[in-house]
Every structure is written in structure tokens, then in C-alpha cells.
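Taking it in order: structure first as C-alpha cells, then the write-up.
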2 protein chains.
Amino acid sequence: MSVGLKDIAERLGLSEATVSLALNGNKIVKAETRIRVQKMADEMGYIPNSLARSLVRKKSGMLGLIIPDIENVYYSELVKHINRYCQKVGYRLFVSISNNNVHKEKENVLAMIENCAEGVVIAPVNVSNFNPDYLRYFKTNSIPFVFSSSRYEDVSAPYVMCDLETGMYSLTRYLLAEKGYRSFLLLTGPENVLTLRLRENGFLRALKNEKDVSNEIVRVQAVDYDTASETIHQYLQQKKKIDVIMCVNDTMAIGVINTLMRQGIKVPEDVAVTGFDDSLFAQISVVTLTTVVQDVKKIAEGSVDLLMDRISNQTSANTEILIPTHIVKRASTEGK
Amino acid sequence: MSVGLKDIAERLGLSEATVSLALNGNKIVKAETRIRVQKMADEMGYIPNSLARSLVRKKSGMLGLIIPDIENVYYSELVKHINRYCQKVGYRLFVSISNNNVHKEKENVLAMIENCAEGVVIAPVNVSNFNPDYLRYFKTNSIPFVFSSSRYEDVSAPYVMCDLETGMYSLTRYLLAEKGYRSFLLLTGPENVLTLRLRENGFLRALKNEKDVSNEIVRVQAVDYDTASETIHQYLQQKKKIDVIMCVNDTMAIGVINTLMRQGIKVPEDVAVTGFDDSLFAQISVVTLTTVVQDVKKIAEGSVDLLMDRISNQTSANTEILIPTHIVKRASTEGK
DNA sequence: GTGAAAGCGCTAACAC
DNA sequence: GTGTTAGCGCTTTCAC
């Protein structure tokens, strides 16, 4: 049913080799023959078998991407950009989902090797990973990999991520110095997650040595909409006076805003709210979000560039790229 | 660097064949040998090359999924479920993105064949596709495919999608009969998109023969947040009296609600709003959305089941599965 | 129970 | 210019 090189060769009275060369546009084949072959291939609906090709070439033309969660807008945006950029540099992308689960991530790593990815971008799970030793399989199979969006601190490998610490620092300083807020609440998640810790560090550094400023850190289990909503709902019982609630992502910020508004508390007049990421959510909030922009496209392209570098040059320098962030001011803090 | 069957065989003084059989758990190999081989493979960090395996077995163990847009929450949810379900049935999933572009979809189809997908799920582009003849490549290469979430009307192939027409019908009837709304505005997109047309049909059918009921259809180019916001913003100039604004997806509904609220118009007190899909967005709206539930998980699993069926049984009946929808009532219509 | 041999579909030397 | 050959890493008869 499906047509192969052999079929074309037979029909044309040529050898498989010539057909192969012709189809690959090799100039060594007579132009006329090339055309003839090309035409016949089209006619017969020839589609090359990339399994066979990859096997013999020892190049699959495929890059891998491992992400924790595809429903998270941050990662779906990452996928979009990485996918697009891969195509641009002539590769195909195989995406696999770790479901924020270390064991699954290991499986995905093995799958990448089985599938002969020429390199892989890993967006690490957002839970603590005490033993990411399965990454050594990449080394033993000479497959380069880079971290993207986050990294494992005890694994020495190149990475591309945003400068989250500075991002949160700048945002906090802005709220402090320009908006004059004095009492801060940081709504964040588990302590052991790098990307959250960096935000926290930025937050604390910005407030350090400030007098007449109060800050509080509220830690929740899941950094999502529902959890944020409930947490703030409960927090409101305390009737504490807060100037601004800073969230570690936009989704939580929306949860906070909606909860506040339903209680008749005005944002930003009564209390300001900030997000992080500048995802889709930042703009579809009733009160648009002041947030920190993570330039996902830059992260995506930076990751692929870095990976391509390692694939072709076999450079082994542990390049570490920190993409600058910037803050975007919207309605949720522009009250005072 | 990377270890193959041969390496293991040499170390053990066995043949490649035996090692292969042992690793595949073939009972014909002496249990003791099997263990020995297994152990050595682990020790040496053997990872099978699925390219080679697939080539000889003529089974890649891979299914394909083509979607228009990964940033759209509907599709990312679809990816999640299909991915999960594929794993359950022992397949890997290769996702590719058509970017809502017919030409790209064709490329993706070819890529699926090149990559030897054993079957593929297609979520069609949401623009008119006058000539999806490239789908015949699947037939000529004996690769089964099924449509998911939508379909091309002039292509005869199995499909799994929600009963959008009935969904919209029920919602409209509910608003009419139970809520007593009399003037309806439907905010939808281009005329030639099946999934939108079905909604429209349901809407019109529900209102047909109703006296004292007015309906208006406003058509926009892009069914997204910004377009919906702007359109409603302009529409408000007309100062027409409208009871309910029905949107063809949740994202647009949020755009509408936010725009209304910013104009001081209360939802649902002054005007009610409905969405469609019951995506994440339906619940993160300030005013939670009354909407129609598309059971994405069922669509996902149905699509894979149908595909598996065609892969194994080579059945050729054109099964057409319409998943029932139901409406969920939330704050955005519960005013009157 | 194990090994030898053929071959999956394609490519890349090397002959002719 | 074109054909012959070998072989990518693995599986799977079929002898032994």
C-alpha cells in the first residue's frame, strides 16, 4: 500500500540509491533524472520513512521538550514558542508531560533517549526533586540537554530562565517607593521550590532595612486559583490592614481579586494586588493586573539556541542565561 | 558511548538474538539467562533504540494528535487527556500544531506519516478548509485517523465531538423559559466554521416561533477576549435593551462581562451573559459563568478508543459519536 | 535454550 | 551519472 524507494526505483528502472540521491536533491544526479524521479515520487505519493532515515543517518531531526503541565498557560506558551522556533531551525519537537511528577519525568527522559531526540529541553517539575540522577542517562548517551524556566540546583547543566529574584525585587521596590505601600502580604507556595524561593528572596531583599514597613508571607500548598481564593477568604476574617497582596503568579492574583471584590473590597482602592508572569490572565482580569513580565519567547528561543549550540559545537561550557524581567503597571495597583 | 544489544551480548558471551529475546521477556529463554541479561542491561544502562525497533516491527507505538492551537485552553485540556489516555492504552503521543492553518495541517499530516504514527487524531482547524484532500495520504498509507472536537463535513471519516447544537439549544431554552429573558444577542464568529454554525443553529432553533422575543446575531472575526470586549464596547453605544448576551466561548464571555462592569453595567442584574465550553475561564471570571459543558475528557477518550478500534480491528464503519453536553448555571445568569 | 541469518527502509561509500 | 554494497540497531524465523 505505502510506497517506498524501491517501488519508485523499479518503476523507473533505476536503483534505489539513485532515487534516494535524487530525492535528496543531490547535485551528483543528472538534472533530468532528478526531475523524473521527483515527478514519479509525487505521482506515487511517496512519503519517506523517517524511522529508517534517522536510523541510518544517526540523526533523528527531533528535539525533545519535557514540561510539568500542559494546562498551565505558562507552559503552553512555552510549548508554542519552542515548537515554532524548532521548526525554524529545522527540527521537529517531541513534547512530553511530566505531570509535575519526578517519576514521570524520569520516564520522559528515558523516552527521549529511546526516541533518539538529538537534544532535550527540560522545564523541571515544580516540586522538590532530591534525586534527579536519571539525568545522567543523557550524558551516557551523549544527548545534550538544557534546563528551561527553572533548574535543579544540584545538577550542573546549562539553563535559561528569567531573573525572577530581580523581577520580584523591582516590583516590590516600585510598590514601596512609588506607590507608597507600607504593609505587604506575599502569597506564595511551598518553600522548597526554586522558582518560588527566588521570588521570595526578591521580595524580602526589597523590604529589608525598611522601617515602618510590615510584611507577611502566607504559604499555600498549591499555587492556583482556588487555593488563593480560599486563603484570602480566610485571611479576611483577621481584618488586618494590608496595602498590597503580592501573588507569585497571575492565576492566584485573579483568585484574590475576585474574592476581594465579592466581599465588597475594592481593588486597588482598598487593597492593591499584583501577579507574576504576565500571562493571558493578567489582561482578562476585571481589574487588569500589575505583574512581572516573563518573556517566554526569549526563554524558549534561548533554550533552543543553547541546545543547538551543544548539539553542533559540543561545547561543554555551562552557560547560564538569566533573562531580564520587567514590570508592567496596570489597574490593580494604580489606585493610590 | 551509548550501549546496544551487541555490547550486552559480547559482555555476556551470548548472541544478540538471545539478549533481545531475554530483554523482551520471552519465556523461551532460560529464566536464569533472562535474569543475567536483565541485570547486565541495567548495569550497562541499556536503553533500547525505538527507531530500530519500530522499523523492524513495523509498529511505532506512536499515535499522533494534530491541534490548531496549544494556547487555547480547550485544546491544551484535550492534549492532556489524550496524552494520558494514550499512555494508558500503551501508546506514545506525538502532538503537532497546525496553528489554525490549512497548509500547516497538511504538513502535520505528512509528518505523521513520515514518523510512522499508527493512527492519528485530528482536531481540525477552525477556518474553512475547502480542500482537505491531503487526508487521502492517510488512506494510501493505511493509517487510520479520526476527527475530534470538530470535523470536515465533506470528508467521510469517524468523528467524536460534542453535540454543540443541542447544547446551545438547551441553554437558550433555559434562558427563555426559566429565566424569562426576551431579547437575545448572540456573539459569534465567522459563518463558515462548523463548530460555530452548530451553536448558531441551536440558538435559532430554540428561539424559532417564539413571539415577543428578539434576537440578534453579531459576528466577529476572531472569537477571542479582545475582539469580544471591543465589539461589546461599541455595541453599548446603541443603548439597545438586551436581556442576555450569549457568547460562543467562555473567553469572549469574560471579555463581555469585564467590559460591561467597567461601564458600570451589572451582570447579571442589568444584563446576563453566557459562555460556552466550561473551560477554566468559566470559574475564574469575577461573575462566574453560566455555560455549556463540553466534556473534553470524554471527547479525548472517545477519540482514542475509536482510533484504537480502527487500528486493531480495521473496522471501516464510519462511527460518529456525539457526546452530550449539559448546561451549568452560575452567577452570570442568576440575576432575574 | 541459543545462535545464525535475513531484513525493516533508507543512506553513503565506493565501484563501474 | 548510476548501480552495488554494506549497514544503521533491532527483531524474528529457523536451524542446531
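Residue numbering restarts at 1 in every chain; chains get A, B, ... in the order shown in the C-alpha cells, and ligands count up from 1 in that same order.
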Post-fit chain A coords, all in-order Cα pairs vs chain B, as a short mmCIF file (atom, residue, chain, number, x, y, z; two decimals) with C-alpha atoms, in the first residue's frame:
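Dumped everything to part_31.cif:
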data_model
loop_
_atom_site.label_atom_id
_atom_site.label_comp_id
_atom_site.auth_asym_id
_atom_site.auth_seq_id
_atom_site.Cartn_x
_atom_site.Cartn_y
_atom_site.Cartn_z
CA MET A 1 29.17 5.72 24.26
CA SER A 2 25.61 4.52 24.05
CA VAL A 3 25.15 0.83 24.68
CA GLY A 4 23.35 -1.52 22.31
CA LEU A 5 22.25 -5.11 22.29
CA LYS A 6 25.53 -6.14 20.79
CA ASP A 7 27.50 -4.74 23.70
CA ILE A 8 25.45 -6.67 26.19
CA ALA A 9 25.71 -9.82 24.10
CA GLU A 10 29.48 -9.59 23.90
CA ARG A 11 29.92 -8.99 27.59
CA LEU A 12 27.78 -11.96 28.39
CA GLY A 13 29.02 -14.24 25.65
CA LEU A 14 25.53 -14.54 24.26
CA SER A 15 24.04 -13.72 20.91
CA GLU A 16 22.19 -10.53 20.17
CA ALA A 17 19.06 -12.51 19.53
CA THR A 18 19.02 -14.11 22.95
CA VAL A 19 19.62 -10.81 24.63
CA SER A 20 16.80 -9.27 22.65
CA LEU A 21 14.44 -12.08 23.56
CA ALA A 22 15.47 -11.96 27.19
CA LEU A 23 14.96 -8.23 27.44
CA ASN A 24 11.55 -8.55 25.92
CA GLY A 25 10.71 -11.05 28.62
CA ASN A 26 10.26 -13.92 26.23
CA LYS A 27 9.58 -17.07 28.24
CA ILE A 28 11.54 -19.16 25.80
CA VAL A 29 14.78 -17.90 27.32
CA LYS A 30 15.98 -19.73 30.40
CA ALA A 31 14.89 -17.83 33.48
CA GLU A 32 18.42 -17.66 34.79
CA THR A 33 19.71 -16.19 31.55
CA ARG A 34 16.90 -13.71 31.49
CA ILE A 35 17.87 -12.43 34.90
CA ARG A 36 21.51 -12.27 33.99
CA VAL A 37 20.77 -10.31 30.86
CA GLN A 38 18.35 -8.02 32.60
CA LYS A 39 20.90 -7.26 35.25
CA MET A 40 23.68 -6.57 32.83
CA ALA A 41 21.43 -4.33 30.76
CA ASP A 42 20.58 -2.29 33.85
CA GLU A 43 24.17 -2.12 34.84
CA MET A 44 25.31 -0.95 31.47
CA GLY A 45 22.45 1.51 31.23
CA TYR A 46 20.94 -0.02 28.15
CA ILE A 47 18.12 1.94 26.57
CA PRO A 48 16.54 0.39 23.50
CA ASN A 49 16.52 2.30 20.26
CA SER A 50 12.90 2.59 19.35
CA LEU A 51 13.72 3.71 15.83
CA ALA A 52 15.25 0.36 15.06
CA ARG A 53 12.59 -1.50 16.92
CA SER A 54 9.75 0.29 15.19
CA LEU A 55 11.36 -0.21 11.83
CA VAL A 56 11.53 -3.94 12.09
CA ARG A 57 8.29 -4.43 13.98
CA LYS A 58 6.49 -2.14 11.62
CA LYS A 59 4.79 -0.65 14.63
CA SER A 60 5.95 2.62 16.05
CA GLY A 61 3.85 2.52 19.20
CA MET A 62 3.02 6.11 18.46
CA LEU A 63 -0.22 7.91 17.90
CA GLY A 64 -0.47 11.38 16.45
CA LEU A 65 -2.55 14.36 17.45
CA ILE A 66 -2.95 17.46 15.35
CA ILE A 67 -4.42 20.53 17.03
CA PRO A 68 -4.93 24.08 15.80
CA ASP A 69 -3.57 25.95 18.80
CA ILE A 70 -1.89 24.90 21.99
CA GLU A 71 -2.50 28.13 23.87
CA ASN A 72 -6.23 27.69 23.64
CA VAL A 73 -7.29 26.10 26.91
CA TYR A 74 -9.73 23.84 25.17
CA TYR A 75 -6.98 22.20 23.16
CA SER A 76 -4.45 22.07 25.93
CA GLU A 77 -7.01 20.22 27.96
CA LEU A 78 -7.60 17.92 25.02
CA VAL A 79 -3.89 17.26 24.76
CA LYS A 80 -3.68 16.46 28.42
CA HIS A 81 -6.48 13.92 28.28
CA ILE A 82 -5.46 12.34 25.02
CA ASN A 83 -1.89 12.10 26.18
CA ARG A 84 -2.91 10.49 29.43
CA TYR A 85 -5.24 8.06 27.77
CA CYS A 86 -2.70 7.09 25.14
CA GLN A 87 -0.28 6.11 27.84
CA LYS A 88 -2.96 4.04 29.44
CA VAL A 89 -3.49 2.08 26.27
CA GLY A 90 0.23 1.70 25.77
CA TYR A 91 0.97 4.26 23.12
CA ARG A 92 3.07 7.35 22.91
CA LEU A 93 1.63 10.55 21.60
CA PHE A 94 3.15 12.90 19.11
CA VAL A 95 1.46 16.28 19.15
CA SER A 96 1.74 18.72 16.32
CA ILE A 97 0.25 22.14 15.92
CA SER A 98 -1.46 23.34 12.78
CA ASN A 99 -1.67 26.90 13.98
CA ASN A 100 -5.16 27.04 12.55
CA ASN A 101 -3.66 26.96 9.13
CA VAL A 102 -4.66 24.52 6.42
CA HIS A 103 -1.27 24.39 4.82
CA LYS A 104 0.37 23.65 8.14
CA GLU A 105 -2.18 20.98 8.82
CA LYS A 106 -1.18 19.30 5.60
CA GLU A 107 2.44 19.39 6.62
CA ASN A 108 1.50 17.90 9.94
CA VAL A 109 -0.35 15.10 8.22
CA LEU A 110 2.69 14.29 6.14
CA ALA A 111 4.90 14.47 9.20
CA MET A 112 2.65 11.97 10.95
CA ILE A 113 3.10 9.55 8.08
CA GLU A 114 6.85 10.10 7.94
CA ASN A 115 7.04 9.46 11.64
CA CYS A 116 5.03 6.31 11.25
CA ALA A 117 2.20 7.20 13.57
CA GLU A 118 -0.03 4.16 13.78
CA GLY A 119 -3.08 6.34 13.83
CA VAL A 120 -3.88 10.00 14.23
CA VAL A 121 -6.46 12.15 15.92
CA ILE A 122 -7.21 15.36 14.09
CA ALA A 123 -8.78 18.37 15.71
CA PRO A 124 -9.47 20.34 12.52
CA VAL A 125 -8.55 23.94 11.94
CA ASN A 126 -11.23 26.46 12.77
CA VAL A 127 -11.27 28.15 9.43
CA SER A 128 -12.89 26.92 6.27
CA ASN A 129 -10.95 24.19 4.60
CA PHE A 130 -12.11 23.81 1.05
CA ASN A 131 -9.70 21.17 0.03
CA PRO A 132 -8.63 18.79 2.75
CA ASP A 133 -7.63 16.26 0.08
CA TYR A 134 -4.29 15.67 1.74
CA LEU A 135 -6.14 13.44 4.14
CA ARG A 136 -6.09 10.80 1.42
CA TYR A 137 -2.43 10.24 2.22
CA PHE A 138 -3.62 8.51 5.33
CA LYS A 139 -5.64 6.09 3.27
CA THR A 140 -2.86 5.34 0.81
CA ASN A 141 -0.56 4.65 3.72
CA SER A 142 -3.13 2.63 5.62
CA ILE A 143 -3.04 4.92 8.60
CA PRO A 144 -6.40 5.29 10.31
CA PHE A 145 -7.48 8.69 11.53
CA VAL A 146 -10.43 10.17 13.37
CA PHE A 147 -11.70 13.68 13.75
CA SER A 148 -12.02 15.07 17.21
CA SER A 149 -13.84 18.14 18.53
CA SER A 150 -14.91 19.08 15.04
CA ARG A 151 -14.72 17.63 11.56
CA TYR A 152 -14.67 18.45 7.89
CA GLU A 153 -18.15 17.99 6.61
CA ASP A 154 -17.15 16.83 3.17
CA VAL A 155 -14.70 14.25 4.43
CA SER A 156 -16.20 10.96 5.36
CA ALA A 157 -14.34 9.74 8.43
CA PRO A 158 -15.22 8.79 11.97
CA TYR A 159 -15.49 11.60 14.45
CA VAL A 160 -16.08 12.36 18.09
CA MET A 161 -17.40 15.71 19.10
CA CYS A 162 -19.89 17.31 21.42
CA ASP A 163 -23.44 17.87 20.43
CA LEU A 164 -22.93 21.59 20.20
CA GLU A 165 -26.23 22.27 18.52
CA THR A 166 -28.25 20.69 21.31
CA GLY A 167 -26.01 22.31 23.91
CA MET A 168 -26.74 25.76 22.63
CA TYR A 169 -30.38 24.88 22.16
CA SER A 170 -30.75 23.78 25.79
CA LEU A 171 -28.98 26.81 27.13
CA THR A 172 -31.14 29.15 25.10
CA ARG A 173 -34.32 27.36 26.09
CA TYR A 174 -33.28 27.59 29.70
CA LEU A 175 -32.73 31.32 29.46
CA LEU A 176 -36.01 31.73 27.69
CA ALA A 177 -38.27 29.45 29.66
CA GLU A 178 -36.80 29.51 33.11
CA LYS A 179 -35.14 32.88 33.31
CA GLY A 180 -37.71 34.67 31.22
CA TYR A 181 -35.26 36.57 29.07
CA ARG A 182 -36.77 38.07 25.96
CA SER A 183 -34.07 39.88 24.03
CA PHE A 184 -31.07 37.81 23.00
CA LEU A 185 -27.77 38.75 21.53
CA LEU A 186 -25.52 36.04 20.13
CA LEU A 187 -21.89 36.96 19.82
CA THR A 188 -20.24 34.60 17.39
CA GLY A 189 -17.55 34.32 14.73
CA PRO A 190 -17.22 33.66 11.01
CA GLU A 191 -20.12 31.95 9.30
CA ASN A 192 -18.27 29.09 7.71
CA VAL A 193 -16.91 27.43 10.82
CA LEU A 194 -18.81 24.27 11.64
CA THR A 195 -18.49 24.42 15.41
CA LEU A 196 -19.86 27.95 15.42
CA ARG A 197 -22.61 27.22 12.94
CA LEU A 198 -23.85 24.38 15.09
CA ARG A 199 -24.11 26.70 18.06
CA GLU A 200 -25.96 29.23 15.97
CA ASN A 201 -28.35 26.62 14.73
CA GLY A 202 -29.14 25.60 18.26
CA PHE A 203 -29.67 29.20 19.23
CA LEU A 204 -32.03 29.92 16.34
CA ARG A 205 -33.94 26.70 16.72
CA ALA A 206 -34.58 27.47 20.37
CA LEU A 207 -35.98 30.88 19.54
CA LYS A 208 -37.95 29.94 16.47
CA ASN A 209 -41.68 30.55 16.71
CA GLU A 210 -41.28 32.43 19.95
CA LYS A 211 -43.31 35.59 19.99
CA ASP A 212 -42.23 38.71 21.84
CA VAL A 213 -38.67 37.53 21.61
CA SER A 214 -35.99 39.42 19.79
CA ASN A 215 -32.69 38.03 18.75
CA GLU A 216 -29.67 39.46 17.09
CA ILE A 217 -26.51 37.84 15.86
CA VAL A 218 -23.28 39.77 15.97
CA ARG A 219 -20.45 38.22 14.07
CA VAL A 220 -16.81 39.00 14.80
CA GLN A 221 -13.64 37.97 13.03
CA ALA A 222 -11.83 36.42 15.95
CA VAL A 223 -13.60 34.64 18.76
CA ASP A 224 -11.30 35.94 21.47
CA TYR A 225 -11.23 38.16 24.51
CA ASP A 226 -10.12 41.42 22.93
CA THR A 227 -12.45 41.23 20.00
CA ALA A 228 -15.39 40.46 22.26
CA SER A 229 -14.51 43.33 24.56
CA GLU A 230 -14.25 45.86 21.77
CA THR A 231 -17.35 44.65 20.04
CA ILE A 232 -19.47 44.95 23.13
CA HIS A 233 -17.95 48.29 23.93
CA GLN A 234 -19.15 49.60 20.61
CA TYR A 235 -22.43 47.84 20.86
CA LEU A 236 -23.18 49.65 24.09
CA GLN A 237 -23.30 52.96 22.23
CA GLN A 238 -26.55 51.84 20.67
CA LYS A 239 -28.16 51.76 24.10
CA LYS A 240 -30.32 48.87 23.03
CA LYS A 241 -32.07 46.90 25.70
CA ILE A 242 -30.71 43.41 25.87
CA ASP A 243 -31.52 40.74 28.43
CA VAL A 244 -28.73 38.35 27.76
CA ILE A 245 -25.56 38.21 25.71
CA MET A 246 -24.66 34.71 24.66
CA CYS A 247 -21.07 34.05 23.64
CA VAL A 248 -19.73 31.10 21.70
CA ASN A 249 -16.95 30.52 24.19
CA ASP A 250 -15.99 31.40 27.74
CA THR A 251 -13.13 33.67 26.84
CA MET A 252 -15.42 36.00 24.94
CA ALA A 253 -17.92 35.92 27.76
CA ILE A 254 -15.29 37.16 30.15
CA GLY A 255 -14.40 39.93 27.75
CA VAL A 256 -18.04 40.92 27.65
CA ILE A 257 -18.50 40.78 31.40
CA ASN A 258 -15.42 42.81 32.16
CA THR A 259 -16.36 45.44 29.61
CA LEU A 260 -19.86 45.69 30.99
CA MET A 261 -18.68 45.97 34.56
CA ARG A 262 -16.22 48.67 33.71
CA GLN A 263 -19.11 50.63 32.25
CA GLY A 264 -20.96 50.22 35.49
CA ILE A 265 -23.37 47.73 34.01
CA LYS A 266 -24.14 44.94 36.44
CA VAL A 267 -24.01 41.29 35.47
CA PRO A 268 -26.42 39.61 35.74
CA GLU A 269 -28.73 42.26 37.22
CA ASP A 270 -28.67 44.56 34.21
CA VAL A 271 -27.73 42.05 31.59
CA ALA A 272 -26.93 38.36 31.79
CA VAL A 273 -24.03 36.74 29.96
CA THR A 274 -23.33 33.15 28.98
CA GLY A 275 -20.26 31.33 27.76
CA PHE A 276 -19.58 28.01 26.15
CA ASP A 277 -17.10 25.20 26.88
CA ASP A 278 -16.90 25.35 30.66
CA SER A 279 -13.20 25.95 30.44
CA LEU A 280 -11.01 27.14 33.27
CA PHE A 281 -12.18 30.63 32.44
CA ALA A 282 -15.76 29.96 33.43
CA GLN A 283 -14.76 29.79 37.04
CA ILE A 284 -12.13 32.45 37.25
CA SER A 285 -14.45 35.13 36.01
CA VAL A 286 -15.45 37.70 38.64
CA VAL A 287 -18.98 36.77 37.84
CA THR A 288 -18.79 33.03 37.36
CA LEU A 289 -20.16 31.89 34.06
CA THR A 290 -23.26 30.04 33.12
CA THR A 291 -22.04 27.94 30.27
CA VAL A 292 -22.34 24.73 28.30
CA VAL A 293 -20.07 21.91 29.39
CA GLN A 294 -18.07 20.18 26.71
CA ASP A 295 -16.77 17.06 28.31
CA VAL A 296 -13.28 17.20 26.93
CA LYS A 297 -12.19 14.05 28.69
CA LYS A 298 -14.95 12.08 27.03
CA ILE A 299 -14.09 13.53 23.66
CA ALA A 300 -10.44 12.67 24.24
CA GLU A 301 -11.03 9.12 25.34
CA GLY A 302 -13.72 8.57 22.75
CA SER A 303 -11.35 9.70 20.01
CA VAL A 304 -8.57 7.42 21.14
CA ASP A 305 -10.93 4.49 21.62
CA LEU A 306 -12.28 4.96 18.15
CA LEU A 307 -8.79 5.20 16.75
CA MET A 308 -7.61 2.09 18.56
CA ASP A 309 -10.58 0.31 17.19
CA ARG A 310 -9.63 1.16 13.67
CA ILE A 311 -6.03 0.25 14.25
CA SER A 312 -6.72 -3.18 15.60
CA ASN A 313 -9.96 -4.27 14.01
CA GLN A 314 -9.58 -2.43 10.78
CA THR A 315 -13.26 -1.75 11.04
CA SER A 316 -14.30 0.68 8.40
CA ALA A 317 -17.68 1.73 9.70
CA ASN A 318 -17.78 5.49 9.90
CA THR A 319 -18.66 5.74 13.54
CA GLU A 320 -19.91 9.15 14.49
CA ILE A 321 -20.00 9.92 18.17
CA LEU A 322 -21.86 12.90 19.54
CA ILE A 323 -21.05 13.50 23.19
CA PRO A 324 -23.97 15.04 25.06
CA THR A 325 -23.44 18.43 26.62
CA HIS A 326 -25.13 19.89 29.64
CA ILE A 327 -25.48 23.36 30.98
CA VAL A 328 -24.05 24.59 34.23
CA LYS A 329 -25.72 27.51 35.93
CA ARG A 330 -23.57 30.05 37.65
CA ALA A 331 -23.74 33.67 38.68
CA SER A 332 -23.76 35.27 35.25
CA THR A 333 -27.41 34.44 34.61
CA GLU A 334 -28.78 34.01 38.07
CA GLY A 335 -29.92 37.58 38.51
CA LYS A 336 -33.51 37.79 37.50
#
Can you check which residues of stretch 5-229 of chain B DSSP gives as strand (DSSP E or B) on the backbone and send them as a ChimeraX atom specification? /B:62-67,92-97,119-122,145-148,159-162,183-188,214-219
If DSSP is run on the backbone, what residues of stretch 226-281 of chain B are alpha helix (DSSP H)? A reply as an MDAnalysis selection string would be ideal. chainID B and resid 226:235 250:262 280:281
Quick check: residues of chain D within 7 Å of chain B, only C-alpha atoms (C1' of nucleotides), returned as a PyMOL selection string. chain D and resi 9-11
*Residues of chain C within 10 Å of chain A, counting only C-alpha atoms (C1' of nucleotides), as number ranges by chain*: C: 8-12
Could those selected residues go to a file with N, CA, C and O atoms (P, O5', C5', C4', C3', O3' and C1' of nucleotides), as a PDB file, in the first residue's frame?
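And here is the file that came out, selection28.pdb:
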ATOM      1  P    DC C   8      12.654  -6.336   3.954  1.00  0.00           P
ATOM      2  O5'  DC C   8      11.830  -5.247   4.765  1.00  0.00           O
ATOM      3  C5'  DC C   8      11.050  -5.569   5.907  1.00  0.00           C
ATOM      4  C4'  DC C   8      11.149  -4.432   6.905  1.00  0.00           C
ATOM      5  C3'  DC C   8      11.421  -3.080   6.250  1.00  0.00           C
ATOM      6  O3'  DC C   8      10.165  -2.412   6.080  1.00  0.00           O
ATOM      7  C1'  DC C   8      12.829  -3.446   8.202  1.00  0.00           C
ATOM      8  P    DG C   9       9.697  -1.977   4.632  1.00  0.00           P
ATOM      9  O5'  DG C   9      10.443  -0.597   4.397  1.00  0.00           O
ATOM     10  C5'  DG C   9      10.193   0.503   5.244  1.00  0.00           C
ATOM     11  C4'  DG C   9      11.299   1.506   5.048  1.00  0.00           C
ATOM     12  C3'  DG C   9      11.494   1.946   3.589  1.00  0.00           C
ATOM     13  O3'  DG C   9      11.385   3.357   3.557  1.00  0.00           O
ATOM     14  C1'  DG C   9      13.564   1.315   4.575  1.00  0.00           C
ATOM     15  P    DC C  10      11.772   4.239   2.292  1.00  0.00           P
ATOM     16  O5'  DC C  10      13.273   4.613   2.616  1.00  0.00           O
ATOM     17  C5'  DC C  10      13.538   5.506   3.700  1.00  0.00           C
ATOM     18  C4'  DC C  10      14.993   5.445   4.046  1.00  0.00           C
ATOM     19  C3'  DC C  10      15.921   6.133   3.064  1.00  0.00           C
ATOM     20  O3'  DC C  10      16.186   7.451   3.542  1.00  0.00           O
ATOM     21  C1'  DC C  10      16.814   4.066   3.905  1.00  0.00           C
ATOM     22  P    DT C  11      17.050   8.423   2.587  1.00  0.00           P
ATOM     23  O5'  DT C  11      18.549   7.991   2.951  1.00  0.00           O
ATOM     24  C5'  DT C  11      19.024   8.241   4.261  1.00  0.00           C
ATOM     25  C4'  DT C  11      20.472   7.826   4.364  1.00  0.00           C
ATOM     26  C3'  DT C  11      21.442   8.607   3.488  1.00  0.00           C
ATOM     27  O3'  DT C  11      22.543   8.929   4.312  1.00  0.00           O
ATOM     28  C1'  DT C  11      21.721   6.294   3.115  1.00  0.00           C
ATOM     29  P    DA C  12      23.542  10.091   3.956  1.00  0.00           P
ATOM     30  O5'  DA C  12      24.860   9.253   3.654  1.00  0.00           O
ATOM     31  C5'  DA C  12      25.301   8.303   4.606  1.00  0.00           C
ATOM     32  C4'  DA C  12      26.507   7.589   4.052  1.00  0.00           C
ATOM     33  C3'  DA C  12      27.426   8.469   3.196  1.00  0.00           C
ATOM     34  O3'  DA C  12      28.754   8.000   3.371  1.00  0.00           O
ATOM     35  C1'  DA C  12      26.569   6.736   1.874  1.00  0.00           C
TER      36       DA C  12
END
Correct to one decimal, the distance atom C1' of D:DT4-atom C1' of C:DA4 is 24.4 Å
